[in-house]
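First up is the structure itself, then whatever we jot down about it.
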Amino acid sequence: MLKRSFNFYLNSSIHVAFAALALVWVTLIELDLLIDKHLLGFVFCATITGYNFVKYFGVAKFHHRSLASWLRVIQIFSLLAFTAMCYFAFFLEVQTLILTGILGIITFFYAIPIMIPKQYLFDDHKNLRQIGGIKVYVIALVWTFASVFSPVVNNEIPIDTEIVVLGVQRFFFILVLMLPFEIRDLNYDSLKLATIPQKIGIKKTKIFGVLLLLLFVMLDGLKEETKLTTILIALISGVLLFFSNKDQSKYYSPFWVESVPILWLISLLLFG
């Protein structure tokens, strides 16, 4: 029962939703903004809705009657999350909803095949996830805008140099967290996806990740001063990247790697 519950926790995207919530909360703390429960609730529910749509659209499509029981439960849970997301949306600024709508469109086309000129694709009827070389950057960009610029826009704060630096820093951080997933998926991804490990190999991918973490820490100094929590999170991320491999356990990336934003939030709340 515990294992089933834990698997549902991961498969229904609750864990990744907590990670997204944590990153938004980190932004609120770093910019000395009030904790907005409606924004946090919206991001949490939107993450569940978006991730489950991307993960299970290809499996479920519109064949509801033939769905396995576990997938039906996830669909019902996702519908509840979507309903809650709509409720929280009433408390957000219009500009925040516009930004979220744009991110939602990107998420939609990340899962749904789109018509793009054939010269840009290897095969016909690709979605954004299947276009060679851009998957990881699309994900990092969406997470960056959702976790950094959504709180900024919702609080009607002008985007200055500090916000831009924070956005670039967050982009690098999320890219690093994506690399263990990219390494894991070497056993499954088509070579046409042209992922980072496919193009430069596992060893160079890890070196690339370390360089990104160094930039992540250095950019923290441009805001005020480098925090110990930033160094701690960079070290934890680096260790997880170092030990990632093609044959990692099924919980390594979906649980441990995606726990890093949650650990970041906890460390900020405890130590500042």
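By convention in this document, the chains of the structure tokens carry letters A, B, ... by their order, each chain's residues are numbered from 1, and ligands are numbered from 1 in the order they are shown.
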
Can you pull out every residue within 8 Å of A:Ile48, counting only C-alpha atoms, but drop anything in the same chain fewer than 5 positions away, and send it as an mmCIF file with N, CA, C and O atoms, in the first residue's frame?
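Ended up saving to selection17.cif:
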data_model
loop_
_atom_site.group_PDB
_atom_site.id
_atom_site.type_symbol
_atom_site.label_atom_id
_atom_site.label_comp_id
_atom_site.auth_asym_id
_atom_site.auth_seq_id
_atom_site.Cartn_x
_atom_site.Cartn_y
_atom_site.Cartn_z
ATOM 1 N N SER A 12 1.344 10.919 -10.454
ATOM 2 C CA SER A 12 0.305 11.934 -10.608
ATOM 3 C C SER A 12 0.879 13.344 -10.581
ATOM 4 O O SER A 12 0.142 14.324 -10.566
ATOM 5 N N SER A 13 2.215 13.462 -10.539
ATOM 6 C CA SER A 13 2.931 14.748 -10.617
ATOM 7 C C SER A 13 2.783 15.613 -9.365
ATOM 8 O O SER A 13 3.029 16.819 -9.423
ATOM 9 N N ILE A 14 2.405 15.008 -8.242
ATOM 10 C CA ILE A 14 2.311 15.778 -7.005
ATOM 11 C C ILE A 14 3.700 16.246 -6.569
ATOM 12 O O ILE A 14 3.880 17.394 -6.145
ATOM 13 N N VAL A 16 6.471 16.768 -8.406
ATOM 14 C CA VAL A 16 7.005 17.832 -9.261
ATOM 15 C C VAL A 16 6.239 19.134 -9.030
ATOM 16 O O VAL A 16 6.801 20.234 -9.157
ATOM 17 N N ALA A 17 4.959 19.025 -8.644
ATOM 18 C CA ALA A 17 4.179 20.224 -8.330
ATOM 19 C C ALA A 17 4.704 20.892 -7.062
ATOM 20 O O ALA A 17 4.759 22.124 -6.972
ATOM 21 N N SER A 78 -6.397 14.831 -11.953
ATOM 22 C CA SER A 78 -5.970 15.976 -12.773
ATOM 23 C C SER A 78 -7.127 16.936 -13.011
ATOM 24 O O SER A 78 -6.938 18.163 -13.038
ATOM 25 N N ALA A 81 -7.507 18.940 -9.957
ATOM 26 C CA ALA A 81 -6.435 19.935 -9.900
ATOM 27 C C ALA A 81 -6.733 21.092 -10.851
ATOM 28 O O ALA A 81 -6.500 22.259 -10.516
#

task: Identify, on the basis of only C-alpha atoms, every residue whose closest approach to A:Lys206 does not exceed 10 Å; exclude the query and any residue fewer than 6 positions from it along the same chain; express the result as a VMD selection string.
output: chain A and resid 176 179 to 180 183 197 200 212 238 241 to 244

What does the file look like for those residues with all heavy atoms, as a tab-separated table (two decimals), in the first residue's frame?
chain	number	residue	atom	x	y	z
A	176	VAL	N	20.45	22.21	-15.11
A	176	VAL	CA	21.25	21.22	-14.40
A	176	VAL	C	20.37	20.08	-13.87
A	176	VAL	O	20.73	18.90	-13.98
A	176	VAL	CB	22.03	21.86	-13.23
A	176	VAL	CG1	22.71	20.80	-12.37
A	176	VAL	CG2	23.06	22.84	-13.76
A	179	LEU	N	19.53	17.47	-16.49
A	179	LEU	CA	20.58	16.61	-17.06
A	179	LEU	C	20.51	15.16	-16.57
A	179	LEU	O	20.71	14.24	-17.38
A	179	LEU	CB	21.95	17.22	-16.78
A	179	LEU	CG	22.21	18.58	-17.47
A	179	LEU	CD1	23.59	19.11	-17.13
A	179	LEU	CD2	22.04	18.46	-18.99
A	180	PRO	N	20.26	14.89	-15.27
A	180	PRO	CA	20.11	13.49	-14.86
A	180	PRO	C	18.98	12.77	-15.59
A	180	PRO	O	19.08	11.57	-15.89
A	180	PRO	CB	19.83	13.58	-13.36
A	180	PRO	CG	20.47	14.86	-12.93
A	180	PRO	CD	20.25	15.78	-14.08
A	183	ILE	N	20.32	11.98	-19.05
A	183	ILE	CA	21.24	10.83	-18.99
A	183	ILE	C	20.46	9.53	-18.83
A	183	ILE	O	20.75	8.53	-19.48
A	183	ILE	CB	22.25	11.02	-17.82
A	183	ILE	CG1	23.19	12.19	-18.14
A	183	ILE	CG2	23.04	9.74	-17.58
A	183	ILE	CD1	24.08	12.59	-16.98
A	197	PRO	N	23.26	14.75	-23.69
A	197	PRO	CA	24.15	13.58	-23.56
A	197	PRO	C	24.37	12.85	-24.88
A	197	PRO	O	25.44	12.27	-25.09
A	197	PRO	CB	23.41	12.68	-22.55
A	197	PRO	CG	22.51	13.59	-21.81
A	197	PRO	CD	22.09	14.63	-22.81
A	200	ILE	N	27.09	15.17	-26.74
A	200	ILE	CA	28.44	15.36	-26.20
A	200	ILE	C	28.89	14.24	-25.26
A	200	ILE	O	30.03	14.24	-24.80
A	200	ILE	CB	28.55	16.72	-25.46
A	200	ILE	CG1	27.64	16.76	-24.23
A	200	ILE	CG2	28.21	17.86	-26.41
A	200	ILE	CD1	27.77	18.04	-23.42
A	212	LEU	N	27.57	25.13	-15.34
A	212	LEU	CA	26.32	25.85	-15.11
A	212	LEU	C	26.12	26.14	-13.62
A	212	LEU	O	25.64	27.23	-13.25
A	212	LEU	CB	25.13	25.04	-15.64
A	212	LEU	CG	24.99	24.93	-17.16
A	212	LEU	CD1	23.80	24.05	-17.52
A	212	LEU	CD2	24.82	26.31	-17.79
A	238	GLY	N	25.12	19.15	-7.80
A	238	GLY	CA	26.32	18.60	-8.43
A	238	GLY	C	26.54	17.14	-8.08
A	238	GLY	O	26.92	16.33	-8.93
A	241	LEU	N	24.03	15.04	-9.95
A	241	LEU	CA	24.42	14.96	-11.36
A	241	LEU	C	25.60	14.00	-11.53
A	241	LEU	O	25.62	13.20	-12.46
A	241	LEU	CB	24.79	16.35	-11.87
A	241	LEU	CG	25.33	16.43	-13.31
A	241	LEU	CD1	24.30	15.92	-14.30
A	241	LEU	CD2	25.73	17.86	-13.64
A	242	PHE	N	26.57	14.08	-10.62
A	242	PHE	CA	27.76	13.23	-10.71
A	242	PHE	C	27.41	11.75	-10.67
A	242	PHE	O	27.97	10.94	-11.40
A	242	PHE	CB	28.73	13.57	-9.57
A	242	PHE	CG	29.97	12.72	-9.54
A	242	PHE	CD1	31.02	12.98	-10.39
A	242	PHE	CD2	30.07	11.65	-8.66
A	242	PHE	CE1	32.17	12.18	-10.38
A	242	PHE	CE2	31.20	10.85	-8.64
A	242	PHE	CZ	32.25	11.12	-9.49
A	243	PHE	N	26.47	11.37	-9.80
A	243	PHE	CA	26.13	9.95	-9.63
A	243	PHE	C	25.02	9.48	-10.58
A	243	PHE	O	24.63	8.31	-10.52
A	243	PHE	CB	25.70	9.68	-8.18
A	243	PHE	CG	26.85	9.66	-7.22
A	243	PHE	CD1	27.06	10.72	-6.35
A	243	PHE	CD2	27.75	8.60	-7.19
A	243	PHE	CE1	28.13	10.73	-5.47
A	243	PHE	CE2	28.82	8.59	-6.31
A	243	PHE	CZ	29.02	9.65	-5.44
A	244	SER	N	24.53	10.35	-11.42
A	244	SER	CA	23.50	9.92	-12.38
A	244	SER	C	24.12	9.09	-13.49
A	244	SER	O	25.25	9.34	-13.91
A	244	SER	CB	22.78	11.14	-12.97
A	244	SER	OG	23.69	11.98	-13.66

Using only C-alpha atoms, which protein or nucleic acid residues come within 12 Å of A:Lys37? Drop anything in the same chain fewer than 4 positions from it, and give the result as an mmCIF file with C-alpha atoms, in the first residue's frame.
data_model
loop_
_atom_site.group_PDB
_atom_site.id
_atom_site.type_symbol
_atom_site.label_atom_id
_atom_site.label_comp_id
_atom_site.auth_asym_id
_atom_site.auth_seq_id
_atom_site.Cartn_x
_atom_site.Cartn_y
_atom_site.Cartn_z
ATOM 1 C CA LEU A 21 5.653 25.547 -5.711
ATOM 2 C CA VAL A 24 7.998 30.146 -6.688
ATOM 3 C CA TRP A 25 8.251 30.409 -2.897
ATOM 4 C CA LEU A 28 9.067 35.348 -3.162
ATOM 5 C CA LEU A 33 7.595 39.631 -1.338
ATOM 6 C CA GLY A 41 -1.922 27.131 -5.058
ATOM 7 C CA PHE A 42 -2.336 28.108 -8.695
ATOM 8 C CA VAL A 43 1.207 27.047 -9.626
ATOM 9 C CA PHE A 44 0.824 23.766 -7.717
ATOM 10 C CA PHE A 88 -7.068 30.188 -7.681
ATOM 11 C CA ALA A 89 -6.927 32.003 -11.038
ATOM 12 C CA PHE A 91 -7.294 35.859 -7.321
ATOM 13 C CA LEU A 92 -4.421 36.541 -9.738
ATOM 14 C CA PRO A 151 5.509 36.176 -9.030
#

- prompt: Which value, in Å to one decimal, gives the distance between atom CA of A:Ile106 and atom CA of A:Cys45?
  reply: 17.1 Å

message: So the first atom is atom CA of A:Ile174 and the second is atom CA of A:Leu263; what is the distance between them in Å, to one decimal place?
response: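 According to the coordinates, atom CA of A:Ile174 and atom CA of A:Leu263 are separated by 14.2 Å.
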
Name the residues in contact with A:Gln248 at a cut-off of 12 Å, using only C-alpha atoms, excluding same-chain residues fewer than 3 positions from it; report them as a PDB file with all heavy atoms, in the first residue's frame.
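New file selection_9.pdb:
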ATOM      1  N   PRO A 180      20.261  14.891 -15.265  1.00  0.00           N
ATOM      2  CA  PRO A 180      20.110  13.488 -14.859  1.00  0.00           C
ATOM      3  C   PRO A 180      18.977  12.766 -15.589  1.00  0.00           C
ATOM      4  O   PRO A 180      19.081  11.572 -15.889  1.00  0.00           O
ATOM      5  CB  PRO A 180      19.829  13.580 -13.356  1.00  0.00           C
ATOM      6  CG  PRO A 180      20.474  14.857 -12.934  1.00  0.00           C
ATOM      7  CD  PRO A 180      20.254  15.784 -14.084  1.00  0.00           C
ATOM      8  N   PHE A 181      17.891  13.496 -15.908  1.00  0.00           N
ATOM      9  CA  PHE A 181      16.803  12.905 -16.696  1.00  0.00           C
ATOM     10  C   PHE A 181      17.271  12.602 -18.110  1.00  0.00           C
ATOM     11  O   PHE A 181      16.945  11.556 -18.681  1.00  0.00           O
ATOM     12  CB  PHE A 181      15.612  13.870 -16.750  1.00  0.00           C
ATOM     13  CG  PHE A 181      14.869  14.017 -15.452  1.00  0.00           C
ATOM     14  CD1 PHE A 181      15.233  14.994 -14.535  1.00  0.00           C
ATOM     15  CD2 PHE A 181      13.799  13.188 -15.149  1.00  0.00           C
ATOM     16  CE1 PHE A 181      14.544  15.147 -13.344  1.00  0.00           C
ATOM     17  CE2 PHE A 181      13.102  13.324 -13.960  1.00  0.00           C
ATOM     18  CZ  PHE A 181      13.474  14.306 -13.050  1.00  0.00           C
ATOM     19  N   GLU A 182      18.041  13.525 -18.672  1.00  0.00           N
ATOM     20  CA  GLU A 182      18.555  13.325 -20.030  1.00  0.00           C
ATOM     21  C   GLU A 182      19.492  12.111 -20.087  1.00  0.00           C
ATOM     22  O   GLU A 182      19.461  11.337 -21.049  1.00  0.00           O
ATOM     23  CB  GLU A 182      19.317  14.580 -20.472  1.00  0.00           C
ATOM     24  CG  GLU A 182      18.453  15.824 -20.575  1.00  0.00           C
ATOM     25  CD  GLU A 182      17.942  16.057 -21.977  1.00  0.00           C
ATOM     26  OE1 GLU A 182      18.721  16.514 -22.819  1.00  0.00           O
ATOM     27  OE2 GLU A 182      16.753  15.762 -22.217  1.00  0.00           O
ATOM     28  N   ILE A 183      20.325  11.978 -19.051  1.00  0.00           N
ATOM     29  CA  ILE A 183      21.243  10.832 -18.989  1.00  0.00           C
ATOM     30  C   ILE A 183      20.461   9.531 -18.829  1.00  0.00           C
ATOM     31  O   ILE A 183      20.750   8.531 -19.482  1.00  0.00           O
ATOM     32  CB  ILE A 183      22.245  11.019 -17.824  1.00  0.00           C
ATOM     33  CG1 ILE A 183      23.185  12.191 -18.138  1.00  0.00           C
ATOM     34  CG2 ILE A 183      23.039   9.740 -17.579  1.00  0.00           C
ATOM     35  CD1 ILE A 183      24.078  12.594 -16.981  1.00  0.00           C
ATOM     36  N   ARG A 184      19.458   9.536 -17.955  1.00  0.00           N
ATOM     37  CA  ARG A 184      18.617   8.352 -17.756  1.00  0.00           C
ATOM     38  C   ARG A 184      17.955   7.916 -19.053  1.00  0.00           C
ATOM     39  O   ARG A 184      17.877   6.711 -19.363  1.00  0.00           O
ATOM     40  CB  ARG A 184      17.547   8.660 -16.708  1.00  0.00           C
ATOM     41  CG  ARG A 184      16.550   7.530 -16.454  1.00  0.00           C
ATOM     42  CD  ARG A 184      15.287   8.040 -15.792  1.00  0.00           C
ATOM     43  NE  ARG A 184      14.536   8.946 -16.676  1.00  0.00           N
ATOM     44  CZ  ARG A 184      13.408   9.555 -16.312  1.00  0.00           C
ATOM     45  NH1 ARG A 184      12.932   9.398 -15.092  1.00  0.00           N
ATOM     46  NH2 ARG A 184      12.781  10.346 -17.165  1.00  0.00           N
ATOM     47  N   ASP A 185      17.486   8.879 -19.823  1.00  0.00           N
ATOM     48  CA  ASP A 185      16.695   8.579 -21.013  1.00  0.00           C
ATOM     49  C   ASP A 185      17.543   8.197 -22.221  1.00  0.00           C
ATOM     50  O   ASP A 185      16.991   7.972 -23.310  1.00  0.00           O
ATOM     51  CB  ASP A 185      15.805   9.775 -21.366  1.00  0.00           C
ATOM     52  CG  ASP A 185      14.709  10.004 -20.332  1.00  0.00           C
ATOM     53  OD1 ASP A 185      14.427   9.065 -19.556  1.00  0.00           O
ATOM     54  OD2 ASP A 185      14.162  11.120 -20.285  1.00  0.00           O
ATOM     55  N   LEU A 186      18.857   8.116 -22.046  1.00  0.00           N
ATOM     56  CA  LEU A 186      19.709   7.676 -23.158  1.00  0.00           C
ATOM     57  C   LEU A 186      19.316   6.288 -23.646  1.00  0.00           C
ATOM     58  O   LEU A 186      19.493   5.959 -24.826  1.00  0.00           O
ATOM     59  CB  LEU A 186      21.187   7.666 -22.714  1.00  0.00           C
ATOM     60  CG  LEU A 186      21.919   9.010 -22.771  1.00  0.00           C
ATOM     61  CD1 LEU A 186      23.295   8.887 -22.131  1.00  0.00           C
ATOM     62  CD2 LEU A 186      22.039   9.507 -24.201  1.00  0.00           C
ATOM     63  N   ASN A 187      18.785   5.460 -22.727  1.00  0.00           N
ATOM     64  CA  ASN A 187      18.373   4.107 -23.098  1.00  0.00           C
ATOM     65  C   ASN A 187      17.088   4.084 -23.912  1.00  0.00           C
ATOM     66  O   ASN A 187      16.764   3.071 -24.533  1.00  0.00           O
ATOM     67  CB  ASN A 187      18.175   3.247 -21.841  1.00  0.00           C
ATOM     68  CG  ASN A 187      19.488   2.931 -21.146  1.00  0.00           C
ATOM     69  OD1 ASN A 187      20.514   2.764 -21.803  1.00  0.00           O
ATOM     70  ND2 ASN A 187      19.466   2.852 -19.828  1.00  0.00           N
ATOM     71  N   LEU A 240      24.220  14.926  -7.180  1.00  0.00           N
ATOM     72  CA  LEU A 240      23.193  14.132  -7.863  1.00  0.00           C
ATOM     73  C   LEU A 240      23.503  13.987  -9.347  1.00  0.00           C
ATOM     74  O   LEU A 240      23.288  12.920  -9.932  1.00  0.00           O
ATOM     75  CB  LEU A 240      21.822  14.789  -7.676  1.00  0.00           C
ATOM     76  CG  LEU A 240      21.228  14.678  -6.265  1.00  0.00           C
ATOM     77  CD1 LEU A 240      20.006  15.576  -6.126  1.00  0.00           C
ATOM     78  CD2 LEU A 240      20.854  13.234  -5.946  1.00  0.00           C
ATOM     79  N   LEU A 241      24.028  15.041  -9.949  1.00  0.00           N
ATOM     80  CA  LEU A 241      24.422  14.960 -11.357  1.00  0.00           C
ATOM     81  C   LEU A 241      25.598  14.001 -11.530  1.00  0.00           C
ATOM     82  O   LEU A 241      25.618  13.198 -12.460  1.00  0.00           O
ATOM     83  CB  LEU A 241      24.793  16.350 -11.871  1.00  0.00           C
ATOM     84  CG  LEU A 241      25.330  16.427 -13.306  1.00  0.00           C
ATOM     85  CD1 LEU A 241      24.301  15.922 -14.302  1.00  0.00           C
ATOM     86  CD2 LEU A 241      25.733  17.862 -13.642  1.00  0.00           C
ATOM     87  N   PHE A 242      26.571  14.079 -10.620  1.00  0.00           N
ATOM     88  CA  PHE A 242      27.764  13.231 -10.710  1.00  0.00           C
ATOM     89  C   PHE A 242      27.407  11.746 -10.666  1.00  0.00           C
ATOM     90  O   PHE A 242      27.975  10.935 -11.404  1.00  0.00           O
ATOM     91  CB  PHE A 242      28.731  13.575  -9.571  1.00  0.00           C
ATOM     92  CG  PHE A 242      29.970  12.722  -9.542  1.00  0.00           C
ATOM     93  CD1 PHE A 242      31.024  12.977 -10.394  1.00  0.00           C
ATOM     94  CD2 PHE A 242      30.069  11.649  -8.662  1.00  0.00           C
ATOM     95  CE1 PHE A 242      32.171  12.182 -10.378  1.00  0.00           C
ATOM     96  CE2 PHE A 242      31.201  10.855  -8.635  1.00  0.00           C
ATOM     97  CZ  PHE A 242      32.253  11.119  -9.490  1.00  0.00           C
ATOM     98  N   PHE A 243      26.465  11.370  -9.802  1.00  0.00           N
ATOM     99  CA  PHE A 243      26.127   9.951  -9.627  1.00  0.00           C
ATOM    100  C   PHE A 243      25.023   9.477 -10.577  1.00  0.00           C
ATOM    101  O   PHE A 243      24.627   8.313 -10.524  1.00  0.00           O
ATOM    102  CB  PHE A 243      25.703   9.679  -8.179  1.00  0.00           C
ATOM    103  CG  PHE A 243      26.854   9.665  -7.217  1.00  0.00           C
ATOM    104  CD1 PHE A 243      27.064  10.722  -6.354  1.00  0.00           C
ATOM    105  CD2 PHE A 243      27.746   8.601  -7.191  1.00  0.00           C
ATOM    106  CE1 PHE A 243      28.131  10.726  -5.467  1.00  0.00           C
ATOM    107  CE2 PHE A 243      28.822   8.586  -6.311  1.00  0.00           C
ATOM    108  CZ  PHE A 243      29.022   9.653  -5.442  1.00  0.00           C
ATOM    109  N   SER A 244      24.529  10.351 -11.425  1.00  0.00           N
ATOM    110  CA  SER A 244      23.499   9.922 -12.377  1.00  0.00           C
ATOM    111  C   SER A 244      24.122   9.095 -13.490  1.00  0.00           C
ATOM    112  O   SER A 244      25.255   9.337 -13.908  1.00  0.00           O
ATOM    113  CB  SER A 244      22.785  11.143 -12.968  1.00  0.00           C
ATOM    114  OG  SER A 244      23.693  11.977 -13.658  1.00  0.00           O
ATOM    115  N   ASN A 245      23.384   8.112 -13.965  1.00  0.00           N
ATOM    116  CA  ASN A 245      23.850   7.260 -15.055  1.00  0.00           C
ATOM    117  C   ASN A 245      22.659   6.693 -15.820  1.00  0.00           C
ATOM    118  O   ASN A 245      21.506   6.906 -15.436  1.00  0.00           O
ATOM    119  CB  ASN A 245      24.739   6.120 -14.528  1.00  0.00           C
ATOM    120  CG  ASN A 245      24.031   5.287 -13.477  1.00  0.00           C
ATOM    121  OD1 ASN A 245      23.088   4.559 -13.777  1.00  0.00           O
ATOM    122  ND2 ASN A 245      24.469   5.401 -12.223  1.00  0.00           N
ATOM    123  N   TYR A 251      13.537   5.826  -9.155  1.00  0.00           N
ATOM    124  CA  TYR A 251      13.197   6.925  -8.258  1.00  0.00           C
ATOM    125  C   TYR A 251      14.292   7.988  -8.184  1.00  0.00           C
ATOM    126  O   TYR A 251      14.087   9.033  -7.585  1.00  0.00           O
ATOM    127  CB  TYR A 251      12.937   6.393  -6.840  1.00  0.00           C
ATOM    128  CG  TYR A 251      11.777   5.428  -6.751  1.00  0.00           C
ATOM    129  CD1 TYR A 251      11.952   4.144  -6.249  1.00  0.00           C
ATOM    130  CD2 TYR A 251      10.498   5.790  -7.181  1.00  0.00           C
ATOM    131  CE1 TYR A 251      10.884   3.257  -6.169  1.00  0.00           C
ATOM    132  CE2 TYR A 251       9.433   4.918  -7.107  1.00  0.00           C
ATOM    133  CZ  TYR A 251       9.637   3.644  -6.592  1.00  0.00           C
ATOM    134  OH  TYR A 251       8.573   2.770  -6.522  1.00  0.00           O
ATOM    135  N   TYR A 252      15.446   7.721  -8.785  1.00  0.00           N
ATOM    136  CA  TYR A 252      16.591   8.629  -8.629  1.00  0.00           C
ATOM    137  C   TYR A 252      16.272  10.044  -9.123  1.00  0.00           C
ATOM    138  O   TYR A 252      16.396  11.017  -8.370  1.00  0.00           O
ATOM    139  CB  TYR A 252      17.803   8.077  -9.389  1.00  0.00           C
ATOM    140  CG  TYR A 252      19.079   8.856  -9.130  1.00  0.00           C
ATOM    141  CD1 TYR A 252      19.873   8.554  -8.037  1.00  0.00           C
ATOM    142  CD2 TYR A 252      19.480   9.881  -9.987  1.00  0.00           C
ATOM    143  CE1 TYR A 252      21.048   9.263  -7.790  1.00  0.00           C
ATOM    144  CE2 TYR A 252      20.644  10.592  -9.749  1.00  0.00           C
ATOM    145  CZ  TYR A 252      21.426  10.276  -8.651  1.00  0.00           C
ATOM    146  OH  TYR A 252      22.580  10.989  -8.395  1.00  0.00           O
ATOM    147  N   SER A 253      15.865  10.158 -10.375  1.00  0.00           N
ATOM    148  CA  SER A 253      15.563  11.488 -10.922  1.00  0.00           C
ATOM    149  C   SER A 253      14.174  11.999 -10.532  1.00  0.00           C
ATOM    150  O   SER A 253      14.042  13.122 -10.045  1.00  0.00           O
ATOM    151  CB  SER A 253      15.719  11.479 -12.446  1.00  0.00           C
ATOM    152  OG  SER A 253      17.076  11.334 -12.808  1.00  0.00           O
ATOM    153  N   PRO A 254      13.111  11.162 -10.708  1.00  0.00           N
ATOM    154  CA  PRO A 254      11.768  11.675 -10.408  1.00  0.00           C
ATOM    155  C   PRO A 254      11.556  12.041  -8.941  1.00  0.00           C
ATOM    156  O   PRO A 254      10.700  12.888  -8.657  1.00  0.00           O
ATOM    157  CB  PRO A 254      10.848  10.510 -10.805  1.00  0.00           C
ATOM    158  CG  PRO A 254      11.642   9.688 -11.736  1.00  0.00           C
ATOM    159  CD  PRO A 254      13.058   9.822 -11.289  1.00  0.00           C
ATOM    160  N   PHE A 255      12.308  11.420  -8.031  1.00  0.00           N
ATOM    161  CA  PHE A 255      12.123  11.778  -6.624  1.00  0.00           C
ATOM    162  C   PHE A 255      13.284  12.597  -6.080  1.00  0.00           C
ATOM    163  O   PHE A 255      13.112  13.736  -5.646  1.00  0.00           O
ATOM    164  CB  PHE A 255      11.932  10.535  -5.763  1.00  0.00           C
ATOM    165  CG  PHE A 255      11.736  10.871  -4.304  1.00  0.00           C
ATOM    166  CD1 PHE A 255      10.556  11.466  -3.873  1.00  0.00           C
ATOM    167  CD2 PHE A 255      12.737  10.639  -3.372  1.00  0.00           C
ATOM    168  CE1 PHE A 255      10.370  11.806  -2.533  1.00  0.00           C
ATOM    169  CE2 PHE A 255      12.570  10.969  -2.037  1.00  0.00           C
ATOM    170  CZ  PHE A 255      11.387  11.556  -1.622  1.00  0.00           C
ATOM    171  N   TRP A 256      14.505  12.030  -6.114  1.00  0.00           N
ATOM    172  CA  TRP A 256      15.628  12.687  -5.456  1.00  0.00           C
ATOM    173  C   TRP A 256      16.034  13.981  -6.165  1.00  0.00           C
ATOM    174  O   TRP A 256      16.232  15.016  -5.512  1.00  0.00           O
ATOM    175  CB  TRP A 256      16.816  11.737  -5.348  1.00  0.00           C
ATOM    176  CG  TRP A 256      16.541  10.585  -4.435  1.00  0.00           C
ATOM    177  CD1 TRP A 256      16.372   9.274  -4.783  1.00  0.00           C
ATOM    178  CD2 TRP A 256      16.363  10.648  -3.009  1.00  0.00           C
ATOM    179  NE1 TRP A 256      16.105   8.517  -3.672  1.00  0.00           N
ATOM    180  CE2 TRP A 256      16.099   9.322  -2.561  1.00  0.00           C
ATOM    181  CE3 TRP A 256      16.403  11.674  -2.079  1.00  0.00           C
ATOM    182  CZ2 TRP A 256      15.878   9.032  -1.227  1.00  0.00           C
ATOM    183  CZ3 TRP A 256      16.186  11.388  -0.742  1.00  0.00           C
ATOM    184  CH2 TRP A 256      15.927  10.080  -0.330  1.00  0.00           C
ATOM    185  N   VAL A 257      16.168  13.939  -7.484  1.00  0.00           N
ATOM    186  CA  VAL A 257      16.578  15.145  -8.215  1.00  0.00           C
ATOM    187  C   VAL A 257      15.495  16.223  -8.114  1.00  0.00           C
ATOM    188  O   VAL A 257      15.797  17.400  -7.878  1.00  0.00           O
ATOM    189  CB  VAL A 257      16.882  14.814  -9.695  1.00  0.00           C
ATOM    190  CG1 VAL A 257      17.160  16.092 -10.480  1.00  0.00           C
ATOM    191  CG2 VAL A 257      18.086  13.881  -9.787  1.00  0.00           C
TER     192      VAL A 257
END

message: Could you tell me how far atom CA of A:Leu213 sits from atom CA of A:Leu270, in Å to one decimal place?
response: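 These atoms are spaced 22.5 Å apart.
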
- prompt: For A:Phe53, which residue among A:Leu222, A:Asp36, A:Phe108, A:Leu10 is the nearest when counting only C-alpha atoms?
  reply: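 Distance minimum relative to A:Phe53 lands on A:Phe108.
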
message: Can you pull out the residues contacting A:Tyr56? Cut-off 10 Å, using only C-alpha atoms, and skip same-chain residues under 6 positions away; I want them as number ranges by chain.
response: A: 11-12, 71, 74-75, 111

field: Nearby residues (only C-alpha atoms) at most 12 Å from stretch 158-173 of chain A, same-chain spacing under 5 positions excluded, as a VMD selection string
entry: chain A and resid 20 23 to 24 26 to 28 30 to 31 136 to 153 178 to 179 208 to 224 230 to 231 233 to 238 241 257 to 258 260 to 261 264

Among the residues A:Phe109, A:Trp70, A:Phe82, A:Tyr87, the one that comes closest to A:Ser5 [using only C-alpha atoms]: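 Smallest separation from A:Ser5 among the options: A:Trp70.
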
task: Extract the full set of alpha helix (DSSP H) residues from stretch 73-272 of chain A according to DSSP on the backbone, and format it as a VMD selection string.
output: chain A and resid 73 to 89 94 to 111 135 to 144 150 to 154 161 to 184 196 to 223 228 to 242 260 to 271
